[in-house]
Amino acid sequence: MSDEKVIQKILREETERRLSIMSDPAYRFPEALPAIDKAGILLGIAGSLLMLAACMMGWLGE
Amino acid sequence: MNQQHYIQQETVTGVVPILRDERKYSFADIFLSTSGFAIATWCYTQGAYVAQFLGFKQMLINIFCVNIVWILIECLPVLFAVHYGIDLWIWLRAVLGQRGVAILSTTISLANFGWYAVAAGLFASSMIHLAGLFGLVLDVSIWKPVLGTLCVVLGTYIALGGPEMIRWVSRMMVAALLLVGVIVVGLCLTAVPLEQLVQVQALSPGDESFLTRFVTSAEGNVAFAFSWSTQALVLPRLAKTERSGYWGTAISYGLVAPFFVAAGGVMAMAMFVANGTYESDPTTILAALCGPGAALLSLLLVAFANIGTQGTGSYVNCMIVKSGFPTASYRLLVLGAMVYVSLLTIWGGVEENFGAFISLAAYIQGPIIGMTVVDYLLIRKREISLPDAYMLPGHDAYRYPGGMNWKGVGSVILSFALAMLFVYNPFTGEIHGDIFYWTTGSGFTAICGGLLYWLANKL
């Protein structure tokens, strides 16, 4: 078997092993982003868009 | 070959998914490594570029608010990178197809390496100026390519060490960089009275209206924000939690990098107030405003920053190429990148056409950002089949005819073409339609790419 095929086989087997672990109901994924952080993201976007609009309308000079 | 060692390497320098208990990067590690990557002389070049078109207050609002909006959006895919321990380009196999990923990831990485050639060229220019301040006159035609290549080689050494080396280099370097950045802004604000700086209008406004100048500057900042996008998920896949991965990435690209862009703009304005000349090189500015001794700070600002950026940039972009070619050797890719970036640095063409370059790169990355966010939130609703994404035997959901998902690839091509023809041409600077004032050209490509992709999946 060529080196490339050996590498492909190793990668495939290892990937299958890891995906099998991840599909186990006992596997704990990393902690999800809390709801308050999602609210912070929306506020950041909204606040920045407001500042940009105010600037473009000339409310902040020039 | 030591199989265990090879597998371990492939989790951090390859495409194998990283399990939860293998994650090593905390919020601080993600923040410092990403900030170390983001802070480079291109920030000052970008800031000085914006200072040509806008007054002090408008410049700060444009830089920070444009970056915050787009970074918060384009970092949303970080959440799946952390959740599954995979890079963006693994997810994109579902959106673009395996061949689509191979073609676009390689194209984008080849374009991204242009950034590092700019950083290396600016490194060389600054070091030549610094030497000149202390009486050592260096021939630019010889020393610019030599010093630029040295920057690339030193960065390659860091990249060959992988994410562990990057983590430790960043921990040492980035805190110093942040401190020096604050010091430099403070020096500029004391060298020139703040009341005078705040009154500064655009340095080179030309005949354009304020609105045109504001949105043209926003185009540059959107393109700057987009430049991180396709590289932004390589480090977060090493993060321990979604919160640490997301905010470590978003704060670095959305606040730290814009801070240094703003510093570049402030420095350019301070130089103009003090000397009446426009300048973007921090070494020259610091020497003029604060004396040659202060210019030594540019050793940190420019030298260490750009070398660190070379290292991290080489790592992330070689990882991106590997997602299209999983069996390629990471070491060979990094060494090949070293040669490619060195040649670009010696040529110097990317630096000369900086504005057009960043927009053109953004026009390819923009649609991918839009499609990824739409696919993640609306089409796949935050879940993907990893066996299909990894093309395991018997899992063919993401195998498309010819390896291309034309819903995705077509959306990229169409968005690029529509933006060039009907919104804004970054080569000529021509505005083709009023929609430019609402979205910018680069922003249009992201919105259009996301919309076209959504429509293609719904129809």
# chains A, B, ... in the order shown; residues from 1 in each chain; ligands from 1
$ select_by_dssp --residues "region 4-38 of chain A" --states "helix (DSSP H, G or I)" --output "ChimeraX atom specification"
/A:4-23,35-38
$ residues_around --residues "Tyr424 (chain B)" --least-positions-apart "3" --cutoff "10 Å" --atoms "only C-alpha atoms" --output "PyMOL selection string"
chain B and resi 216+219+359+418-421+427-436+440-442+444
$ write_last_selection --atoms "all heavy atoms" --output "compact mmCIF listing (two decimals), in the first residue's frame"
# COMPACT_ATOMS: atom_id res chain seq x y z
N THR B 216 -17.13 54.77 1.41
CA THR B 216 -15.90 54.22 0.81
C THR B 216 -14.94 53.75 1.90
O THR B 216 -14.31 52.70 1.78
CB THR B 216 -15.20 55.28 -0.08
OG1 THR B 216 -16.13 55.76 -1.05
CG2 THR B 216 -14.01 54.68 -0.79
N GLU B 219 -16.25 50.59 3.21
CA GLU B 219 -15.90 49.49 2.31
C GLU B 219 -14.54 48.91 2.71
O GLU B 219 -14.37 47.69 2.81
CB GLU B 219 -15.86 49.98 0.86
CG GLU B 219 -15.17 49.06 -0.14
CD GLU B 219 -15.86 47.72 -0.32
OE1 GLU B 219 -17.10 47.68 -0.16
OE2 GLU B 219 -15.16 46.73 -0.58
N SER B 359 -10.27 44.57 -1.03
CA SER B 359 -11.66 44.46 -1.50
C SER B 359 -11.85 43.24 -2.39
O SER B 359 -12.87 42.55 -2.30
CB SER B 359 -12.07 45.72 -2.25
OG SER B 359 -12.42 46.74 -1.34
N LEU B 418 -22.20 40.17 -9.58
CA LEU B 418 -23.19 41.23 -9.38
C LEU B 418 -22.57 42.44 -8.67
O LEU B 418 -22.85 43.58 -9.01
CB LEU B 418 -24.38 40.69 -8.57
CG LEU B 418 -25.30 39.71 -9.31
CD1 LEU B 418 -26.32 39.10 -8.34
CD2 LEU B 418 -26.02 40.39 -10.47
N ALA B 419 -21.73 42.15 -7.67
CA ALA B 419 -21.10 43.25 -6.93
C ALA B 419 -20.16 44.05 -7.84
O ALA B 419 -20.16 45.29 -7.82
CB ALA B 419 -20.34 42.70 -5.73
N MET B 420 -19.37 43.34 -8.63
CA MET B 420 -18.40 44.02 -9.51
C MET B 420 -19.12 44.87 -10.56
O MET B 420 -18.70 45.98 -10.88
CB MET B 420 -17.53 42.99 -10.23
CG MET B 420 -16.48 42.35 -9.36
SD MET B 420 -15.15 43.50 -8.94
CE MET B 420 -14.15 43.39 -10.40
N LEU B 421 -20.22 44.33 -11.09
CA LEU B 421 -20.88 44.99 -12.21
C LEU B 421 -21.87 46.07 -11.78
O LEU B 421 -21.99 47.10 -12.44
CB LEU B 421 -21.65 43.95 -13.04
CG LEU B 421 -20.78 42.94 -13.79
CD1 LEU B 421 -21.64 41.84 -14.41
CD2 LEU B 421 -19.95 43.63 -14.88
N PHE B 427 -11.15 47.77 -8.27
CA PHE B 427 -9.96 48.10 -9.07
C PHE B 427 -9.98 49.56 -9.49
O PHE B 427 -8.96 50.24 -9.47
CB PHE B 427 -9.89 47.23 -10.33
CG PHE B 427 -9.47 45.82 -10.05
CD1 PHE B 427 -10.34 44.77 -10.26
CD2 PHE B 427 -8.22 45.53 -9.56
CE1 PHE B 427 -9.96 43.47 -9.98
CE2 PHE B 427 -7.82 44.23 -9.28
CZ PHE B 427 -8.70 43.20 -9.49
N THR B 428 -11.16 50.04 -9.91
CA THR B 428 -11.25 51.40 -10.42
C THR B 428 -11.80 52.38 -9.40
O THR B 428 -11.72 53.59 -9.59
CB THR B 428 -12.18 51.43 -11.66
OG1 THR B 428 -13.49 51.00 -11.24
CG2 THR B 428 -11.67 50.51 -12.75
N GLY B 429 -12.40 51.86 -8.32
CA GLY B 429 -13.03 52.75 -7.34
C GLY B 429 -14.37 53.30 -7.79
O GLY B 429 -14.91 54.21 -7.18
N GLU B 430 -14.92 52.75 -8.87
CA GLU B 430 -16.18 53.26 -9.40
C GLU B 430 -17.37 52.69 -8.64
O GLU B 430 -17.47 51.47 -8.47
CB GLU B 430 -16.34 52.86 -10.87
CG GLU B 430 -15.58 53.73 -11.85
CD GLU B 430 -15.78 53.21 -13.27
OE1 GLU B 430 -14.98 52.36 -13.71
OE2 GLU B 430 -16.76 53.60 -13.91
N ILE B 431 -18.28 53.59 -8.26
CA ILE B 431 -19.53 53.16 -7.62
C ILE B 431 -20.57 53.02 -8.73
O ILE B 431 -20.82 53.96 -9.48
CB ILE B 431 -19.99 54.20 -6.59
CG1 ILE B 431 -18.94 54.31 -5.48
CG2 ILE B 431 -21.35 53.82 -6.00
CD1 ILE B 431 -19.13 55.51 -4.56
N HIS B 432 -21.18 51.83 -8.82
CA HIS B 432 -22.09 51.55 -9.93
C HIS B 432 -23.57 51.70 -9.55
O HIS B 432 -24.41 51.79 -10.44
CB HIS B 432 -21.87 50.14 -10.47
CG HIS B 432 -20.55 49.98 -11.17
ND1 HIS B 432 -20.15 50.80 -12.19
CD2 HIS B 432 -19.54 49.11 -10.97
CE1 HIS B 432 -18.95 50.43 -12.60
NE2 HIS B 432 -18.55 49.40 -11.88
N GLY B 433 -23.88 51.68 -8.25
CA GLY B 433 -25.29 51.73 -7.87
C GLY B 433 -25.46 52.29 -6.47
O GLY B 433 -24.56 52.20 -5.64
N ASP B 434 -26.66 52.86 -6.20
CA ASP B 434 -26.92 53.46 -4.89
C ASP B 434 -26.92 52.43 -3.77
O ASP B 434 -26.77 52.80 -2.59
CB ASP B 434 -28.27 54.19 -4.91
CG ASP B 434 -28.18 55.51 -5.67
OD1 ASP B 434 -27.04 55.93 -5.97
OD2 ASP B 434 -29.23 56.09 -5.97
N ILE B 435 -27.07 51.15 -4.11
CA ILE B 435 -27.08 50.13 -3.07
C ILE B 435 -25.73 50.10 -2.33
O ILE B 435 -25.64 49.69 -1.18
CB ILE B 435 -27.42 48.74 -3.64
CG1 ILE B 435 -27.65 47.74 -2.50
CG2 ILE B 435 -26.34 48.23 -4.58
CD1 ILE B 435 -28.52 46.61 -2.82
N PHE B 436 -24.69 50.61 -3.00
CA PHE B 436 -23.37 50.70 -2.36
C PHE B 436 -23.45 51.48 -1.05
O PHE B 436 -22.77 51.14 -0.07
CB PHE B 436 -22.39 51.36 -3.32
CG PHE B 436 -21.03 51.64 -2.72
CD1 PHE B 436 -20.12 50.62 -2.53
CD2 PHE B 436 -20.66 52.93 -2.36
CE1 PHE B 436 -18.87 50.87 -1.97
CE2 PHE B 436 -19.42 53.19 -1.82
CZ PHE B 436 -18.52 52.16 -1.62
N THR B 440 -22.21 48.76 1.19
CA THR B 440 -20.84 48.70 0.67
C THR B 440 -20.74 47.54 -0.33
O THR B 440 -21.64 46.69 -0.39
CB THR B 440 -19.75 48.52 1.76
OG1 THR B 440 -19.80 47.19 2.27
CG2 THR B 440 -19.89 49.52 2.88
N GLY B 441 -19.64 47.50 -1.09
CA GLY B 441 -19.50 46.43 -2.08
C GLY B 441 -19.28 45.08 -1.43
O GLY B 441 -19.94 44.09 -1.75
N SER B 442 -18.37 45.05 -0.47
CA SER B 442 -18.07 43.78 0.21
C SER B 442 -19.27 43.30 1.01
O SER B 442 -19.58 42.11 1.01
CB SER B 442 -16.86 43.95 1.13
OG SER B 442 -15.72 44.32 0.39
N PHE B 444 -22.34 43.85 0.35
CA PHE B 444 -23.32 43.35 -0.62
C PHE B 444 -23.03 41.89 -0.96
O PHE B 444 -23.96 41.07 -1.07
CB PHE B 444 -23.27 44.20 -1.90
CG PHE B 444 -24.15 43.67 -3.00
CD1 PHE B 444 -25.50 43.99 -3.07
CD2 PHE B 444 -23.63 42.83 -3.99
CE1 PHE B 444 -26.31 43.51 -4.08
CE2 PHE B 444 -24.43 42.33 -5.00
CZ PHE B 444 -25.78 42.67 -5.05
$ residues_around --residues "Ile128 (chain B)" --least-positions-apart "6" --cutoff "12 Å" --atoms "only C-alpha atoms" --output "list of chain:residue names"
B:Gly121, B:Leu122, B:Phe134, B:Gly135, B:Leu136, B:Val137, B:Leu138, B:Asp139, B:Val140, B:Ser141, B:Ile142, B:Trp143, B:Lys144, B:Pro145, B:Val146, B:Leu147, B:Gly148, B:Asp281, B:Thr283, B:Thr284, B:Ala295, B:Ser298, B:Leu299, B:Val302, B:Ala303
$ interface_residues --of "chain A" --to "chain B" --cutoff "6 Å" --atoms "only C-alpha atoms" --output "JSON, numbers by chain"
{"A": [15, 30, 31, 32, 33, 45, 48]}
$ write_last_selection --atoms "N, CA and C atoms" --output "mmCIF file, in the first residue's frame"
data_model
loop_
_atom_site.group_PDB
_atom_site.id
_atom_site.type_symbol
_atom_site.label_atom_id
_atom_site.label_comp_id
_atom_site.auth_asym_id
_atom_site.auth_seq_id
_atom_site.Cartn_x
_atom_site.Cartn_y
_atom_site.Cartn_z
ATOM 1 N N THR A 15 -10.823 9.145 12.377
ATOM 2 C CA THR A 15 -12.022 9.978 12.291
ATOM 3 C C THR A 15 -13.259 9.177 12.666
ATOM 4 N N PRO A 30 -18.805 20.586 24.318
ATOM 5 C CA PRO A 30 -18.424 21.789 25.067
ATOM 6 C C PRO A 30 -19.650 22.630 25.390
ATOM 7 N N GLU A 31 -19.549 23.332 26.503
ATOM 8 C CA GLU A 31 -20.651 24.149 26.997
ATOM 9 C C GLU A 31 -21.110 25.156 25.934
ATOM 10 N N ALA A 32 -22.438 25.238 25.755
ATOM 11 C CA ALA A 32 -23.003 26.098 24.719
ATOM 12 C C ALA A 32 -22.978 27.567 25.146
ATOM 13 N N LEU A 33 -23.103 28.459 24.144
ATOM 14 C CA LEU A 33 -23.125 29.892 24.432
ATOM 15 C C LEU A 33 -24.401 30.248 25.200
ATOM 16 N N ILE A 45 -24.630 44.535 17.639
ATOM 17 C CA ILE A 45 -24.909 44.803 16.230
ATOM 18 C C ILE A 45 -25.855 46.001 16.101
ATOM 19 N N SER A 48 -24.205 49.397 17.104
ATOM 20 C CA SER A 48 -23.224 49.853 16.103
ATOM 21 C C SER A 48 -23.914 50.370 14.858
#
$ closest_residue --among "B:Val321, B:Thr439, B:Pro401, B:Ala287" --to "Ala53 (chain A)" --atoms "only C-alpha atoms"
B:Thr439
$ residues_around --residues "Leu451 (chain B)" --least-positions-apart "3" --cutoff "8 Å" --atoms "only C-alpha atoms" --output "list of chain:residue names"
B:Gly370, B:Met371, B:Ile447, B:Cys448, B:Trp454, B:Leu455
$ write_last_selection --atoms "N, CA and C atoms" --output "mmCIF file, in the first residue's frame"
data_model
loop_
_atom_site.group_PDB
_atom_site.id
_atom_site.type_symbol
_atom_site.label_atom_id
_atom_site.label_comp_id
_atom_site.auth_asym_id
_atom_site.auth_seq_id
_atom_site.Cartn_x
_atom_site.Cartn_y
_atom_site.Cartn_z
ATOM 1 N N GLY B 370 -21.760 34.958 4.121
ATOM 2 C CA GLY B 370 -23.224 34.985 4.070
ATOM 3 C C GLY B 370 -23.808 33.582 4.006
ATOM 4 N N MET B 371 -23.245 32.745 3.143
ATOM 5 C CA MET B 371 -23.775 31.380 2.969
ATOM 6 C C MET B 371 -23.577 30.562 4.234
ATOM 7 N N ILE B 447 -24.381 39.657 1.847
ATOM 8 C CA ILE B 447 -25.853 39.628 1.892
ATOM 9 C C ILE B 447 -26.385 38.876 0.677
ATOM 10 N N CYS B 448 -25.844 39.191 -0.498
ATOM 11 C CA CYS B 448 -26.291 38.547 -1.742
ATOM 12 C C CYS B 448 -25.984 37.060 -1.718
ATOM 13 N N TRP B 454 -29.873 30.822 0.185
ATOM 14 C CA TRP B 454 -31.136 30.480 0.850
ATOM 15 C C TRP B 454 -32.223 30.185 -0.187
ATOM 16 N N LEU B 455 -32.296 31.063 -1.208
ATOM 17 C CA LEU B 455 -33.286 30.865 -2.263
ATOM 18 C C LEU B 455 -33.043 29.550 -3.006
#
$ atom_distance --atom1 "CA of Val50 (chain B)" --atom2 "CA of Leu197 (chain B)"
15.0 Å
$ residues_around --residues "region 35-45 of chain B" --least-positions-apart "6" --cutoff "7 Å" --atoms "only C-alpha atoms" --output "number ranges by chain"
B: 119, 122, 170, 174, 252-253, 256-257, 260-261, 263-265, 280, 302, 305-306, 308-309, 312-313
$ residues_around --residues "Gly349 (chain B)" --least-positions-apart "5" --cutoff "12 Å" --atoms "only C-alpha atoms" --output "PyMOL selection string"
chain B and resi 114-115+117-118+121+341+343-344+354-357
$ closest_residue --among "B:Leu238, B:Cys318, B:Met172, B:Leu160" --to "Tyr25 (chain B)" --atoms "only C-alpha atoms"
B:Leu238
